[in-house]
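A.B. asks: The structure follows.
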Amino acid sequence: MVRAAALALLLAAVPATAQPDWTPLTSGSTDTLRAFTGDSFSARWLVGDGGFVAVSSLDRTMWTPVNVGTTADLTSTLQQTSSQIWAGGAGGTVRLSTDAGSSWQGRDIPDASQTYTLVSSASGVAYAVGRAGSIYATSDFGATWALQQSGTTTPLFGGRQIPGGLGTVTVVGAGGTILNTTDGGATWTPAASGTTADLFAVDLISNTLFVVGAGGTILRSTDLGVTWTAVASGTTADLFDLDASEQNAAFVTAVGADGTVLRSTDSGDSWCRLDAGTTADLFAVDMVSNAETLVAGADGLLLQTTNGGGACTPVATEVRPTGGIAFPPVYPQPLVGRGTVTLRVDRAQYVRIEVFDLLGRRVRTIFEGIVTPGTPLTRSFAADGLASGLYLVRARGDDFVRTRRVVVQ
């Protein structure tokens, strides 16, 4: 019976074909897709692992890969004008086009030891936030990059520059980290986020800053990042990106692990869940209008809806209580060679415990099978062969997702 149940759960975990409300598009890649450009340009740009860059047709149904001269994993892309497109990512790689993608120039960040996310809302200006806490800035189209004093070595994952305020930026990162600057990065001030969850993305929606992160975390600030309050998302899935409709900013979409797609029609006050017909992790979302949304993620997955995504189910009715779930930090830390992972559940369920690097790539599977309540599950985590640095250990069950950080030496 247990083996039959395990098999059923395994089959349920296989990504399904898209629902009628969502159309699969050919992205041109089988690697992970990580970021869209947005704004008001009809054609969109999309980047991902292996140096992948693609540009869409005006209706965003057709995507054409573009060679930008790198095989580095790309985690972010910007478009400040119709002709200016940036792409950045691993090893400090930055590529810039000022002729609408006809040619590309290298604008690499001096420190090649980190993966960076590019942040900008102004032509020729960009901030780059790194996975070891570094922040660089350029005001000359990447010809020179200046290191700023971020005051942290915590991994930073995303940021948002306030349009019209070239010196006002909010950056988010691991362990609930939020940093603000109002003077172009001369000083960075930590803000109390009220959470220790890893925070992955931030966006400005109707003069309110929203942040999404691990375990279904959603935060918002109405004073440009000084104070933050939590918003109930109704999910425990990690959320990686969010975007507001260009037609009406009250419409917001957030995406995350296991095919999670959340929708709000009241400027983020409440959320419901859309069924995009996939269980693949989704890392990027672009709301073109109230009706049209693009999502992208693992294994080159690219989906489009032009009718709002179908029925939206209130998430509060979908999420079951998770009391009794315990997932302590990996011991010992920093980890040299081998450590211990422990999990306790409150009901029998199928669980996967996996290790990911900061680019979202799975590097280890620690456990996969049925876990029953009672004696905690304990497994050894062998770090042999892993490069030194920060990793994420994620336990995922039927009704919970828990993520822990581990430093490997």
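We label chains A, B, ... in the order they appear in the structure tokens, count residues from 1 in each chain, and number ligands from 1 in the order shown.
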Skip Ser97 (chain A) itself and residues of its chain fewer than 3 positions away, then list as an MDAnalysis selection string all residues within 10 Å of it, counting only C-alpha atoms.
C.D. replies: chainID A and resid 68 79 83:87 100:106 141
A.B. asks: Give me the residues within 12 Å of region 325-341 of chain A as a PyMOL selection string, counting only C-alpha atoms and dropping any in the same chain fewer than 2 places off.
C.D. replies: chain A and resi 236+320-323+343-349+351+353-355+365-367+371-409
A.B. asks: Residues as selected, C-alpha atoms, written as a PDB file, in the first residue's frame, can you do that?
C.D. replies:
```pdb
ATOM      1  CA  THR A 236       3.982  27.872   1.896  1.00  0.00           C
ATOM      2  CA  ARG A 320      -3.858  22.691   5.050  1.00  0.00           C
ATOM      3  CA  PRO A 321      -2.569  23.333   8.568  1.00  0.00           C
ATOM      4  CA  THR A 322       1.167  22.739   8.894  1.00  0.00           C
ATOM      5  CA  GLY A 323       1.441  22.647  12.676  1.00  0.00           C
ATOM      6  CA  LEU A 343      12.580  16.500   9.541  1.00  0.00           C
ATOM      7  CA  ARG A 344       9.460  15.855  11.621  1.00  0.00           C
ATOM      8  CA  VAL A 345       5.966  15.733  10.090  1.00  0.00           C
ATOM      9  CA  ASP A 346       2.501  15.611  11.642  1.00  0.00           C
ATOM     10  CA  ARG A 347       0.973  13.149   9.159  1.00  0.00           C
ATOM     11  CA  ALA A 348       2.171  10.528   6.688  1.00  0.00           C
ATOM     12  CA  GLN A 349       3.089  12.071   3.352  1.00  0.00           C
ATOM     13  CA  VAL A 351       8.534  14.181   0.958  1.00  0.00           C
ATOM     14  CA  ILE A 353      14.581  16.837   0.571  1.00  0.00           C
ATOM     15  CA  GLU A 354      16.902  18.430  -1.984  1.00  0.00           C
ATOM     16  CA  VAL A 355      19.881  20.766  -2.067  1.00  0.00           C
ATOM     17  CA  THR A 365      18.796  14.734  -3.420  1.00  0.00           C
ATOM     18  CA  ILE A 366      19.002  13.785   0.254  1.00  0.00           C
ATOM     19  CA  PHE A 367      15.711  11.921   0.589  1.00  0.00           C
ATOM     20  CA  VAL A 371       7.695  10.074   5.947  1.00  0.00           C
ATOM     21  CA  THR A 372       5.447   9.130   8.859  1.00  0.00           C
ATOM     22  CA  PRO A 373       4.797  10.985  12.134  1.00  0.00           C
ATOM     23  CA  GLY A 374       6.528   9.887  15.281  1.00  0.00           C
ATOM     24  CA  THR A 375      10.286   9.381  15.093  1.00  0.00           C
ATOM     25  CA  PRO A 376      11.933  12.251  13.171  1.00  0.00           C
ATOM     26  CA  LEU A 377      13.507  11.439   9.814  1.00  0.00           C
ATOM     27  CA  THR A 378      17.296  11.884   9.995  1.00  0.00           C
ATOM     28  CA  ARG A 379      19.534  11.768   6.947  1.00  0.00           C
ATOM     29  CA  SER A 380      23.176  12.468   6.233  1.00  0.00           C
ATOM     30  CA  PHE A 381      24.076  15.309   3.854  1.00  0.00           C
ATOM     31  CA  ALA A 382      27.365  14.650   2.038  1.00  0.00           C
ATOM     32  CA  ALA A 383      28.880  17.869   0.694  1.00  0.00           C
ATOM     33  CA  ASP A 384      31.774  16.153  -1.049  1.00  0.00           C
ATOM     34  CA  GLY A 385      32.428  17.705  -4.437  1.00  0.00           C
ATOM     35  CA  LEU A 386      30.419  20.867  -3.772  1.00  0.00           C
ATOM     36  CA  ALA A 387      32.154  24.205  -4.157  1.00  0.00           C
ATOM     37  CA  SER A 388      32.448  26.319  -1.020  1.00  0.00           C
ATOM     38  CA  GLY A 389      29.558  28.710  -0.540  1.00  0.00           C
ATOM     39  CA  LEU A 390      25.906  29.036   0.421  1.00  0.00           C
ATOM     40  CA  TYR A 391      23.304  26.400  -0.521  1.00  0.00           C
ATOM     41  CA  LEU A 392      19.582  25.949   0.125  1.00  0.00           C
ATOM     42  CA  VAL A 393      18.221  22.702   1.574  1.00  0.00           C
ATOM     43  CA  ARG A 394      14.526  22.391   0.766  1.00  0.00           C
ATOM     44  CA  ALA A 395      12.045  19.902   2.242  1.00  0.00           C
ATOM     45  CA  ARG A 396       8.807  19.674   0.263  1.00  0.00           C
ATOM     46  CA  GLY A 397       5.755  17.648   1.249  1.00  0.00           C
ATOM     47  CA  ASP A 398       2.099  17.514   0.264  1.00  0.00           C
ATOM     48  CA  ASP A 399       1.189  20.620   2.241  1.00  0.00           C
ATOM     49  CA  PHE A 400       4.433  22.331   3.209  1.00  0.00           C
ATOM     50  CA  VAL A 401       7.711  23.696   1.901  1.00  0.00           C
ATOM     51  CA  ARG A 402      10.571  24.492   4.279  1.00  0.00           C
ATOM     52  CA  THR A 403      13.948  25.922   3.265  1.00  0.00           C
ATOM     53  CA  ARG A 404      17.168  26.073   5.288  1.00  0.00           C
ATOM     54  CA  ARG A 405      20.482  27.660   4.372  1.00  0.00           C
ATOM     55  CA  VAL A 406      23.754  25.786   4.754  1.00  0.00           C
ATOM     56  CA  VAL A 407      27.274  27.093   4.319  1.00  0.00           C
ATOM     57  CA  VAL A 408      29.670  24.564   2.788  1.00  0.00           C
ATOM     58  CA  GLN A 409      33.391  24.955   3.325  1.00  0.00           C
TER      59      GLN A 409
END
```
A.B. asks: For CA of Thr168 (chain A) and CA of Gly185 (chain A), determine how far apart the two atoms are, in Å to one decimal place.
C.D. replies: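 The value is 8.2 Å.
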A.B. asks: If you run DSSP on the backbone here, which positions in region 147-258 of chain A get strand (DSSP E or B)? Please write them as number ranges by chain.
C.D. replies: A: 147-148, 156-161, 169-173, 178-181, 189-190, 199-205, 208-213, 218-221, 229-230, 239-244, 252-256
A.B. asks: Write out as an MDAnalysis selection string each polymer residue whose atoms come within 9 Å of Thr70 (chain A), counting only C-alpha atoms; drop sequence neighbours fewer than 4 positions from it.
C.D. replies: chainID A and resid 50:52 93 95
A.B. asks: Neighbours of Val226 (chain A) within 9 Å (only C-alpha atoms; same-chain residues fewer than 5 positions away dropped), as an MDAnalysis selection string?
C.D. replies: chainID A and resid 180 190:192 221
A.B. asks: Residues of the last selection are to be written out with N, CA, C and O atoms, as a tab-separated table (two decimals), in the first residue's frame.
C.D. replies:
```
chain	number	residue	atom	x	y	z
A	180	ASN	N	18.10	49.78	2.02
A	180	ASN	CA	17.60	50.94	1.29
A	180	ASN	C	18.70	51.98	1.11
A	180	ASN	O	19.55	52.15	2.00
A	190	PRO	N	19.91	49.21	6.61
A	190	PRO	CA	19.06	48.02	6.78
A	190	PRO	C	17.67	48.42	7.27
A	190	PRO	O	17.52	49.37	8.05
A	191	ALA	N	16.67	47.70	6.81
A	191	ALA	CA	15.30	47.88	7.28
A	191	ALA	C	14.85	46.61	7.98
A	191	ALA	O	15.25	45.51	7.60
A	192	ALA	N	14.01	46.75	8.99
A	192	ALA	CA	13.48	45.60	9.72
A	192	ALA	C	12.36	44.97	8.90
A	192	ALA	O	11.30	45.57	8.72
A	221	SER	N	5.46	47.66	1.75
A	221	SER	CA	5.85	48.91	2.40
A	221	SER	C	5.21	50.06	1.66
A	221	SER	O	5.30	50.15	0.44
```
